[in-house]
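S.K.: Pasting a structure here, questions to come.
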Amino acid sequence: MGKKGVEILNLDVKKLIDMLNAALSEEWLAYYQYWIGARIMEGPMRSEIEPELLLHATQELNHAVLVADRIIQLGGTPVLSPMEWPKLARCKYEAPEDSYIEVILEQNLRGERCAIQRYKEIADFTNGIDHNTHAMATTILGEELEHENDIEDFITDIDRMKEELKKVRL
Ligand code: FE
Ligand code: FE
Ligand code: MG
């Protein structure tokens with residue numbers, strides 16, 4: 001970013017760039033979590049859930065674009081190596097070793113809740129100070145809230161189905 005652009009920011013820019021690089025690492029890990037999980041998962045409602053998880057994957061990648069571009073504007077360097085992602089990320093990658101659809105959804109749900117916390121913190125840190133990062137963080141946060149809600153709905157529907165099946169057996 002231009003000198004003036006950074007100069008007007010009355011906050012710890014280094015700390016903000018660190019938060020953004022953690023978020024960037026988390027987005028890439030979330031992308032792969034969704035991308036691989038959607039492909040290998042097995043279980044009820046697969047054909048409905050798979051395209052939604054792949055859409056979420058694409059949205060996580062778009063978040064990575066926004067965050068990386070903002071880091072560059074702030075004069076920082078976006079994380080340069082995938083080897084750094086797990087070190088910088090607070091939201092951990094969970095390899096989908098069990099391919100059952102509910103397990104995959106629970107992993108994605110934990111990721112979304114972690115992402116919500118991340119963008120809330122970035123929004124709080126920049127609120128009323130760095131308007132552009134704040135606007136970006138709230139935009140992304142809005143999508144993470146949608147993601148969490150979508151996954152909760154899928155889990156609710158699968159639970160309902162299991163309950164109904166139990167009744168049939170009685
Ligand atoms: Fe995201
Ligand atoms: Fe998300
Ligand atoms: Mg969705």
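Letters A, B, ... mark the chains of the structure tokens in the order given; residue numbers begin at 1 per chain; ligand numbers begin at 1, in order shown.
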Just want the 12 Å neighbourhood of Arg110 in chain A, counted on only C-alpha atoms, with same-chain residues fewer than 6 positions away dropped. Output as a ChimeraX atom specification.
M.R.: /A:30,33-34,90-94,103-104,116-117,144,147-148,151-152
S.K.: For ligand 3, list the contacting residues at 6 Å or closer, counting only C-alpha atoms and all ligand atoms, as a PDB file with N, CA and C atoms, in the first residue's frame.
M.R.:
```pdb
ATOM      1  N   GLU A  52     -22.443 -28.627  -2.291  1.00  0.00           N
ATOM      2  CA  GLU A  52     -22.401 -27.500  -1.347  1.00  0.00           C
ATOM      3  C   GLU A  52     -21.010 -27.391  -0.716  1.00  0.00           C
ATOM      4  N   HIS A  56     -18.364 -24.320  -0.919  1.00  0.00           N
ATOM      5  CA  HIS A  56     -17.678 -23.721   0.233  1.00  0.00           C
ATOM      6  C   HIS A  56     -16.168 -23.690  -0.012  1.00  0.00           C
ATOM      7  N   GLU A 146     -22.698 -18.214   7.187  1.00  0.00           N
ATOM      8  CA  GLU A 146     -23.529 -19.021   6.280  1.00  0.00           C
ATOM      9  C   GLU A 146     -23.030 -20.463   6.214  1.00  0.00           C
ATOM     10  N   HIS A 147     -21.713 -20.606   6.133  1.00  0.00           N
ATOM     11  CA  HIS A 147     -21.147 -21.963   6.060  1.00  0.00           C
ATOM     12  C   HIS A 147     -21.507 -22.766   7.305  1.00  0.00           C
ATOM     13  N   ASP A 150     -25.168 -23.737   7.156  1.00  0.00           N
ATOM     14  CA  ASP A 150     -25.419 -24.801   6.170  1.00  0.00           C
ATOM     15  C   ASP A 150     -25.051 -26.171   6.751  1.00  0.00           C
TER      16      ASP A 150
END
```
S.K.: With a distance cut-off of 12 Å and only C-alpha atoms, select the neighbouring residues of range 1-9 of chain A, excluding the residue or stretch itself and same-chain residues fewer than 3 positions from it, and output the selection as a list in words.
M.R.: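 The contact residues come out as Asp12, Val13, Lys14, Leu16, Ile17, Asp69, Arg70, Ile71, Ile72, Gln73, Leu74, Gly75, Gly76, Thr77, Phe125, Thr126, Asn127, Gly128, Ile129, Asp130, His131, Asn132, Thr133 and His134 of chain A.
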S.K.: Could you take the residues named above and write them with N, CA and C atoms, as an mmCIF file, in the first residue's frame?
M.R.:
```cif
data_model
loop_
_atom_site.group_PDB
_atom_site.id
_atom_site.type_symbol
_atom_site.label_atom_id
_atom_site.label_comp_id
_atom_site.auth_asym_id
_atom_site.auth_seq_id
_atom_site.Cartn_x
_atom_site.Cartn_y
_atom_site.Cartn_z
ATOM 1 N N ASP A 12 -1.317 -1.455 15.366
ATOM 2 C CA ASP A 12 -0.093 -2.238 15.215
ATOM 3 C C ASP A 12 -0.189 -3.030 13.904
ATOM 4 N N VAL A 13 0.412 -2.474 12.837
ATOM 5 C CA VAL A 13 0.280 -3.072 11.506
ATOM 6 C C VAL A 13 0.948 -4.449 11.461
ATOM 7 N N LYS A 14 2.055 -4.589 12.144
ATOM 8 C CA LYS A 14 2.750 -5.877 12.179
ATOM 9 C C LYS A 14 1.843 -6.957 12.777
ATOM 10 N N LEU A 16 -1.401 -6.883 12.882
ATOM 11 C CA LEU A 16 -2.503 -7.122 11.947
ATOM 12 C C LEU A 16 -2.059 -8.059 10.819
ATOM 13 N N ILE A 17 -0.869 -7.837 10.284
ATOM 14 C CA ILE A 17 -0.366 -8.694 9.195
ATOM 15 C C ILE A 17 -0.197 -10.136 9.699
ATOM 16 N N ASP A 69 -4.365 -10.232 -0.802
ATOM 17 C CA ASP A 69 -4.272 -8.908 -1.422
ATOM 18 C C ASP A 69 -4.179 -7.804 -0.366
ATOM 19 N N ARG A 70 -4.899 -7.983 0.721
ATOM 20 C CA ARG A 70 -4.855 -6.968 1.791
ATOM 21 C C ARG A 70 -3.493 -6.965 2.492
ATOM 22 N N ILE A 71 -2.915 -8.148 2.698
ATOM 23 C CA ILE A 71 -1.576 -8.226 3.308
ATOM 24 C C ILE A 71 -0.576 -7.442 2.455
ATOM 25 N N ILE A 72 -0.660 -7.630 1.137
ATOM 26 C CA ILE A 72 0.257 -6.938 0.223
ATOM 27 C C ILE A 72 0.031 -5.426 0.292
ATOM 28 N N GLN A 73 -1.236 -5.018 0.324
ATOM 29 C CA GLN A 73 -1.549 -3.582 0.439
ATOM 30 C C GLN A 73 -0.960 -2.980 1.705
ATOM 31 N N LEU A 74 -0.936 -3.789 2.757
ATOM 32 C CA LEU A 74 -0.434 -3.289 4.043
ATOM 33 C C LEU A 74 1.092 -3.309 4.106
ATOM 34 N N GLY A 75 1.724 -3.766 3.032
ATOM 35 C CA GLY A 75 3.181 -3.791 2.999
ATOM 36 C C GLY A 75 3.770 -5.078 3.550
ATOM 37 N N GLY A 76 2.933 -6.066 3.770
ATOM 38 C CA GLY A 76 3.415 -7.347 4.295
ATOM 39 C C GLY A 76 3.652 -8.354 3.184
ATOM 40 N N THR A 77 4.116 -9.525 3.587
ATOM 41 C CA THR A 77 4.331 -10.615 2.637
ATOM 42 C C THR A 77 3.384 -11.751 2.996
ATOM 43 N N PHE A 125 -10.315 -5.881 15.989
ATOM 44 C CA PHE A 125 -8.998 -5.221 16.029
ATOM 45 C C PHE A 125 -8.966 -3.987 15.131
ATOM 46 N N THR A 126 -9.713 -4.027 14.030
ATOM 47 C CA THR A 126 -9.647 -2.958 13.032
ATOM 48 C C THR A 126 -10.852 -2.017 13.082
ATOM 49 N N ASN A 127 -11.798 -2.338 13.952
ATOM 50 C CA ASN A 127 -13.058 -1.583 13.997
ATOM 51 C C ASN A 127 -12.827 -0.090 14.230
ATOM 52 N N GLY A 128 -13.316 0.725 13.319
ATOM 53 C CA GLY A 128 -13.199 2.178 13.471
ATOM 54 C C GLY A 128 -11.805 2.701 13.220
ATOM 55 N N ILE A 129 -10.856 1.829 12.814
ATOM 56 C CA ILE A 129 -9.468 2.266 12.610
ATOM 57 C C ILE A 129 -9.046 1.999 11.165
ATOM 58 N N ASP A 130 -9.044 0.710 10.821
ATOM 59 C CA ASP A 130 -8.669 0.317 9.446
ATOM 60 C C ASP A 130 -9.960 -0.118 8.750
ATOM 61 N N HIS A 131 -10.597 0.846 8.105
ATOM 62 C CA HIS A 131 -11.937 0.605 7.559
ATOM 63 C C HIS A 131 -11.947 -0.469 6.477
ATOM 64 N N ASN A 132 -10.851 -0.533 5.713
ATOM 65 C CA ASN A 132 -10.833 -1.484 4.597
ATOM 66 C C ASN A 132 -10.667 -2.921 5.068
ATOM 67 N N THR A 133 -9.736 -3.128 5.997
ATOM 68 C CA THR A 133 -9.594 -4.482 6.545
ATOM 69 C C THR A 133 -10.864 -4.864 7.295
ATOM 70 N N HIS A 134 -11.451 -3.896 7.982
ATOM 71 C CA HIS A 134 -12.673 -4.177 8.724
ATOM 72 C C HIS A 134 -13.791 -4.618 7.782
#
```
S.K.: Name the residues in contact with Asn21 in chain A at a cut-off of 9 Å, using only C-alpha atoms, excluding same-chain residues fewer than 2 positions from it; report them as a ChimeraX atom specification.
M.R.: /A:16-19,23-26,67-68,71,77-79,85,88-89
S.K.: With N, CA and C atoms retained, write the just-selected residues as a PDB file, in the first residue's frame.
M.R.:
```pdb
ATOM      1  N   LEU A  16      -1.401  -6.883  12.882  1.00  0.00           N
ATOM      2  CA  LEU A  16      -2.503  -7.122  11.947  1.00  0.00           C
ATOM      3  C   LEU A  16      -2.059  -8.059  10.819  1.00  0.00           C
ATOM      4  N   ILE A  17      -0.869  -7.837  10.284  1.00  0.00           N
ATOM      5  CA  ILE A  17      -0.366  -8.694   9.195  1.00  0.00           C
ATOM      6  C   ILE A  17      -0.197 -10.136   9.699  1.00  0.00           C
ATOM      7  N   ASP A  18       0.260 -10.288  10.939  1.00  0.00           N
ATOM      8  CA  ASP A  18       0.376 -11.644  11.508  1.00  0.00           C
ATOM      9  C   ASP A  18      -0.996 -12.319  11.597  1.00  0.00           C
ATOM     10  N   MET A  19      -1.995 -11.559  12.036  1.00  0.00           N
ATOM     11  CA  MET A  19      -3.354 -12.120  12.124  1.00  0.00           C
ATOM     12  C   MET A  19      -3.854 -12.511  10.728  1.00  0.00           C
ATOM     13  N   ALA A  23      -4.908 -16.124   9.175  1.00  0.00           N
ATOM     14  CA  ALA A  23      -6.193 -16.320   8.485  1.00  0.00           C
ATOM     15  C   ALA A  23      -5.968 -16.898   7.087  1.00  0.00           C
ATOM     16  N   LEU A  24      -4.956 -16.398   6.404  1.00  0.00           N
ATOM     17  CA  LEU A  24      -4.655 -16.884   5.051  1.00  0.00           C
ATOM     18  C   LEU A  24      -4.295 -18.372   5.089  1.00  0.00           C
ATOM     19  N   SER A  25      -3.484 -18.757   6.047  1.00  0.00           N
ATOM     20  CA  SER A  25      -3.114 -20.177   6.197  1.00  0.00           C
ATOM     21  C   SER A  25      -4.353 -21.013   6.492  1.00  0.00           C
ATOM     22  N   GLU A  26      -5.208 -20.494   7.349  1.00  0.00           N
ATOM     23  CA  GLU A  26      -6.436 -21.223   7.711  1.00  0.00           C
ATOM     24  C   GLU A  26      -7.362 -21.377   6.499  1.00  0.00           C
ATOM     25  N   VAL A  67      -7.658 -11.874   1.483  1.00  0.00           N
ATOM     26  CA  VAL A  67      -6.730 -11.690   2.602  1.00  0.00           C
ATOM     27  C   VAL A  67      -5.308 -11.451   2.084  1.00  0.00           C
ATOM     28  N   ALA A  68      -4.882 -12.234   1.093  1.00  0.00           N
ATOM     29  CA  ALA A  68      -3.523 -12.070   0.553  1.00  0.00           C
ATOM     30  C   ALA A  68      -3.358 -10.678  -0.066  1.00  0.00           C
ATOM     31  N   ILE A  71      -2.915  -8.148   2.698  1.00  0.00           N
ATOM     32  CA  ILE A  71      -1.576  -8.226   3.308  1.00  0.00           C
ATOM     33  C   ILE A  71      -0.576  -7.442   2.455  1.00  0.00           C
ATOM     34  N   THR A  77       4.116  -9.525   3.587  1.00  0.00           N
ATOM     35  CA  THR A  77       4.331 -10.615   2.637  1.00  0.00           C
ATOM     36  C   THR A  77       3.384 -11.751   2.996  1.00  0.00           C
ATOM     37  N   PRO A  78       2.534 -12.145   2.069  1.00  0.00           N
ATOM     38  CA  PRO A  78       1.654 -13.293   2.354  1.00  0.00           C
ATOM     39  C   PRO A  78       2.501 -14.542   2.547  1.00  0.00           C
ATOM     40  N   VAL A  79       2.049 -15.426   3.404  1.00  0.00           N
ATOM     41  CA  VAL A  79       2.786 -16.662   3.697  1.00  0.00           C
ATOM     42  C   VAL A  79       3.206 -17.322   2.380  1.00  0.00           C
ATOM     43  N   TRP A  85       1.697 -23.173   6.667  1.00  0.00           N
ATOM     44  CA  TRP A  85       0.272 -23.097   7.001  1.00  0.00           C
ATOM     45  C   TRP A  85      -0.067 -23.713   8.359  1.00  0.00           C
ATOM     46  N   LEU A  88       1.202 -21.540  11.278  1.00  0.00           N
ATOM     47  CA  LEU A  88       0.558 -20.244  11.515  1.00  0.00           C
ATOM     48  C   LEU A  88      -0.922 -20.384  11.881  1.00  0.00           C
ATOM     49  N   ALA A  89      -1.556 -21.462  11.411  1.00  0.00           N
ATOM     50  CA  ALA A  89      -3.005 -21.612  11.590  1.00  0.00           C
ATOM     51  C   ALA A  89      -3.357 -22.000  13.019  1.00  0.00           C
TER      52      ALA A  89
END
```
S.K.: Just want the residues within 10 Å of ligand 2, written as a PDB file with N, CA, C and O atoms, in the first residue's frame, counting only C-alpha atoms and all ligand atoms.
M.R.:
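See selection_29.pdb below for the written result:
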```
ATOM      1  N   GLU A  26      -5.208 -20.494   7.349  1.00  0.00           N
ATOM      2  CA  GLU A  26      -6.436 -21.223   7.711  1.00  0.00           C
ATOM      3  C   GLU A  26      -7.362 -21.377   6.499  1.00  0.00           C
ATOM      4  O   GLU A  26      -8.005 -22.422   6.338  1.00  0.00           O
ATOM      5  N   GLU A  27      -7.427 -20.369   5.646  1.00  0.00           N
ATOM      6  CA  GLU A  27      -8.273 -20.468   4.456  1.00  0.00           C
ATOM      7  C   GLU A  27      -7.800 -21.575   3.522  1.00  0.00           C
ATOM      8  O   GLU A  27      -8.606 -22.346   3.003  1.00  0.00           O
ATOM      9  N   ALA A  30      -8.648 -24.839   5.086  1.00  0.00           N
ATOM     10  CA  ALA A  30     -10.098 -25.055   4.997  1.00  0.00           C
ATOM     11  C   ALA A  30     -10.488 -25.447   3.576  1.00  0.00           C
ATOM     12  O   ALA A  30     -11.346 -26.313   3.360  1.00  0.00           O
ATOM     13  N   TYR A  31      -9.855 -24.812   2.619  1.00  0.00           N
ATOM     14  CA  TYR A  31     -10.114 -25.145   1.218  1.00  0.00           C
ATOM     15  C   TYR A  31      -9.861 -26.632   0.986  1.00  0.00           C
ATOM     16  O   TYR A  31     -10.714 -27.347   0.462  1.00  0.00           O
ATOM     17  N   TYR A  34     -12.362 -29.037   2.792  1.00  0.00           N
ATOM     18  CA  TYR A  34     -13.625 -29.179   2.050  1.00  0.00           C
ATOM     19  C   TYR A  34     -13.432 -29.966   0.754  1.00  0.00           C
ATOM     20  O   TYR A  34     -14.226 -30.835   0.409  1.00  0.00           O
ATOM     21  N   LEU A  53     -20.425 -28.536  -0.360  1.00  0.00           N
ATOM     22  CA  LEU A  53     -19.087 -28.493   0.235  1.00  0.00           C
ATOM     23  C   LEU A  53     -18.057 -28.008  -0.791  1.00  0.00           C
ATOM     24  O   LEU A  53     -17.124 -27.269  -0.437  1.00  0.00           O
ATOM     25  N   LEU A  55     -18.712 -25.918  -3.187  1.00  0.00           N
ATOM     26  CA  LEU A  55     -18.937 -24.470  -3.280  1.00  0.00           C
ATOM     27  C   LEU A  55     -18.235 -23.758  -2.119  1.00  0.00           C
ATOM     28  O   LEU A  55     -17.582 -22.725  -2.307  1.00  0.00           O
ATOM     29  N   HIS A  56     -18.364 -24.320  -0.919  1.00  0.00           N
ATOM     30  CA  HIS A  56     -17.678 -23.721   0.233  1.00  0.00           C
ATOM     31  C   HIS A  56     -16.168 -23.690  -0.012  1.00  0.00           C
ATOM     32  O   HIS A  56     -15.500 -22.706   0.312  1.00  0.00           O
ATOM     33  N   ALA A  57     -15.635 -24.771  -0.579  1.00  0.00           N
ATOM     34  CA  ALA A  57     -14.194 -24.812  -0.879  1.00  0.00           C
ATOM     35  C   ALA A  57     -13.813 -23.607  -1.747  1.00  0.00           C
ATOM     36  O   ALA A  57     -12.851 -22.890  -1.452  1.00  0.00           O
ATOM     37  N   THR A  58     -14.591 -23.371  -2.797  1.00  0.00           N
ATOM     38  CA  THR A  58     -14.317 -22.245  -3.698  1.00  0.00           C
ATOM     39  C   THR A  58     -14.400 -20.917  -2.954  1.00  0.00           C
ATOM     40  O   THR A  58     -13.598 -20.006  -3.185  1.00  0.00           O
ATOM     41  N   GLN A  59     -15.369 -20.813  -2.053  1.00  0.00           N
ATOM     42  CA  GLN A  59     -15.519 -19.564  -1.290  1.00  0.00           C
ATOM     43  C   GLN A  59     -14.330 -19.354  -0.355  1.00  0.00           C
ATOM     44  O   GLN A  59     -13.877 -18.211  -0.177  1.00  0.00           O
ATOM     45  N   GLU A  60     -13.802 -20.447   0.223  1.00  0.00           N
ATOM     46  CA  GLU A  60     -12.616 -20.304   1.095  1.00  0.00           C
ATOM     47  C   GLU A  60     -11.433 -19.792   0.271  1.00  0.00           C
ATOM     48  O   GLU A  60     -10.669 -18.932   0.728  1.00  0.00           O
ATOM     49  N   LEU A  61     -11.316 -20.302  -0.955  1.00  0.00           N
ATOM     50  CA  LEU A  61     -10.232 -19.853  -1.825  1.00  0.00           C
ATOM     51  C   LEU A  61     -10.389 -18.365  -2.157  1.00  0.00           C
ATOM     52  O   LEU A  61      -9.401 -17.619  -2.200  1.00  0.00           O
ATOM     53  N   HIS A  63     -11.723 -16.209  -0.182  1.00  0.00           N
ATOM     54  CA  HIS A  63     -11.309 -15.497   1.032  1.00  0.00           C
ATOM     55  C   HIS A  63      -9.786 -15.346   1.052  1.00  0.00           C
ATOM     56  O   HIS A  63      -9.263 -14.300   1.434  1.00  0.00           O
ATOM     57  N   ASN A 108     -15.643 -30.085   9.219  1.00  0.00           N
ATOM     58  CA  ASN A 108     -15.872 -28.792   8.564  1.00  0.00           C
ATOM     59  C   ASN A 108     -16.517 -27.786   9.529  1.00  0.00           C
ATOM     60  O   ASN A 108     -16.199 -26.594   9.501  1.00  0.00           O
ATOM     61  N   LEU A 109     -17.383 -28.302  10.379  1.00  0.00           N
ATOM     62  CA  LEU A 109     -18.059 -27.428  11.343  1.00  0.00           C
ATOM     63  C   LEU A 109     -17.059 -26.820  12.340  1.00  0.00           C
ATOM     64  O   LEU A 109     -17.110 -25.617  12.618  1.00  0.00           O
ATOM     65  N   GLY A 111     -13.972 -26.282  11.766  1.00  0.00           N
ATOM     66  CA  GLY A 111     -13.215 -25.299  10.983  1.00  0.00           C
ATOM     67  C   GLY A 111     -13.963 -23.988  10.846  1.00  0.00           C
ATOM     68  O   GLY A 111     -13.379 -22.905  10.979  1.00  0.00           O
ATOM     69  N   GLU A 112     -15.254 -24.069  10.595  1.00  0.00           N
ATOM     70  CA  GLU A 112     -16.048 -22.844  10.431  1.00  0.00           C
ATOM     71  C   GLU A 112     -16.126 -22.054  11.734  1.00  0.00           C
ATOM     72  O   GLU A 112     -16.030 -20.823  11.727  1.00  0.00           O
ATOM     73  N   ARG A 113     -16.295 -22.763  12.834  1.00  0.00           N
ATOM     74  CA  ARG A 113     -16.400 -22.060  14.124  1.00  0.00           C
ATOM     75  C   ARG A 113     -15.085 -21.363  14.449  1.00  0.00           C
ATOM     76  O   ARG A 113     -15.075 -20.254  15.000  1.00  0.00           O
ATOM     77  N   CYS A 114     -14.003 -22.004  14.085  1.00  0.00           N
ATOM     78  CA  CYS A 114     -12.686 -21.390  14.282  1.00  0.00           C
ATOM     79  C   CYS A 114     -12.525 -20.171  13.379  1.00  0.00           C
ATOM     80  O   CYS A 114     -12.014 -19.131  13.810  1.00  0.00           O
ATOM     81  N   ALA A 115     -12.996 -20.278  12.145  1.00  0.00           N
ATOM     82  CA  ALA A 115     -12.895 -19.151  11.201  1.00  0.00           C
ATOM     83  C   ALA A 115     -13.738 -17.964  11.680  1.00  0.00           C
ATOM     84  O   ALA A 115     -13.331 -16.804  11.553  1.00  0.00           O
ATOM     85  N   ILE A 116     -14.906 -18.270  12.230  1.00  0.00           N
ATOM     86  CA  ILE A 116     -15.787 -17.210  12.748  1.00  0.00           C
ATOM     87  C   ILE A 116     -15.060 -16.428  13.852  1.00  0.00           C
ATOM     88  O   ILE A 116     -15.061 -15.190  13.881  1.00  0.00           O
ATOM     89  N   ILE A 140     -16.170 -11.448   4.897  1.00  0.00           N
ATOM     90  CA  ILE A 140     -15.797 -12.870   5.006  1.00  0.00           C
ATOM     91  C   ILE A 140     -16.559 -13.518   6.167  1.00  0.00           C
ATOM     92  O   ILE A 140     -17.081 -14.624   6.031  1.00  0.00           O
ATOM     93  N   LEU A 141     -16.619 -12.795   7.291  1.00  0.00           N
ATOM     94  CA  LEU A 141     -17.338 -13.330   8.454  1.00  0.00           C
ATOM     95  C   LEU A 141     -18.768 -13.718   8.078  1.00  0.00           C
ATOM     96  O   LEU A 141     -19.257 -14.774   8.483  1.00  0.00           O
ATOM     97  N   GLY A 142     -19.414 -12.885   7.285  1.00  0.00           N
ATOM     98  CA  GLY A 142     -20.784 -13.187   6.851  1.00  0.00           C
ATOM     99  C   GLY A 142     -20.866 -14.511   6.114  1.00  0.00           C
ATOM    100  O   GLY A 142     -21.810 -15.288   6.321  1.00  0.00           O
ATOM    101  N   GLU A 143     -19.876 -14.792   5.295  1.00  0.00           N
ATOM    102  CA  GLU A 143     -19.888 -16.072   4.570  1.00  0.00           C
ATOM    103  C   GLU A 143     -19.575 -17.246   5.484  1.00  0.00           C
ATOM    104  O   GLU A 143     -20.136 -18.334   5.329  1.00  0.00           O
ATOM    105  N   GLU A 144     -18.699 -17.024   6.452  1.00  0.00           N
ATOM    106  CA  GLU A 144     -18.390 -18.111   7.397  1.00  0.00           C
ATOM    107  C   GLU A 144     -19.637 -18.445   8.234  1.00  0.00           C
ATOM    108  O   GLU A 144     -19.881 -19.614   8.553  1.00  0.00           O
ATOM    109  N   LEU A 145     -20.416 -17.425   8.570  1.00  0.00           N
ATOM    110  CA  LEU A 145     -21.661 -17.675   9.310  1.00  0.00           C
ATOM    111  C   LEU A 145     -22.619 -18.520   8.468  1.00  0.00           C
ATOM    112  O   LEU A 145     -23.268 -19.442   8.985  1.00  0.00           O
ATOM    113  N   GLU A 146     -22.698 -18.214   7.187  1.00  0.00           N
ATOM    114  CA  GLU A 146     -23.529 -19.021   6.280  1.00  0.00           C
ATOM    115  C   GLU A 146     -23.030 -20.463   6.214  1.00  0.00           C
ATOM    116  O   GLU A 146     -23.828 -21.402   6.234  1.00  0.00           O
ATOM    117  N   HIS A 147     -21.713 -20.606   6.133  1.00  0.00           N
ATOM    118  CA  HIS A 147     -21.147 -21.963   6.060  1.00  0.00           C
ATOM    119  C   HIS A 147     -21.507 -22.766   7.305  1.00  0.00           C
ATOM    120  O   HIS A 147     -21.905 -23.924   7.215  1.00  0.00           O
ATOM    121  N   GLU A 148     -21.330 -22.138   8.475  1.00  0.00           N
ATOM    122  CA  GLU A 148     -21.645 -22.849   9.718  1.00  0.00           C
ATOM    123  C   GLU A 148     -23.107 -23.276   9.711  1.00  0.00           C
ATOM    124  O   GLU A 148     -23.451 -24.412  10.050  1.00  0.00           O
TER     125      GLU A 148
END
```
S.K.: Using only C-alpha atoms, find the one residue out of A:Glu97, A:Arg39, A:Trp28, A:Ser47 that sits nearest to Ser81 in chain A.
M.R.: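 Counting only C-alpha atoms, the residue closest to Ser81 in chain A is A:Trp28.
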S.K.: What separation in Å, quoted to one decimal, exists between CA of Leu66 in chain A and CA of Glu84 in chain A?
M.R.: 18.9 Å
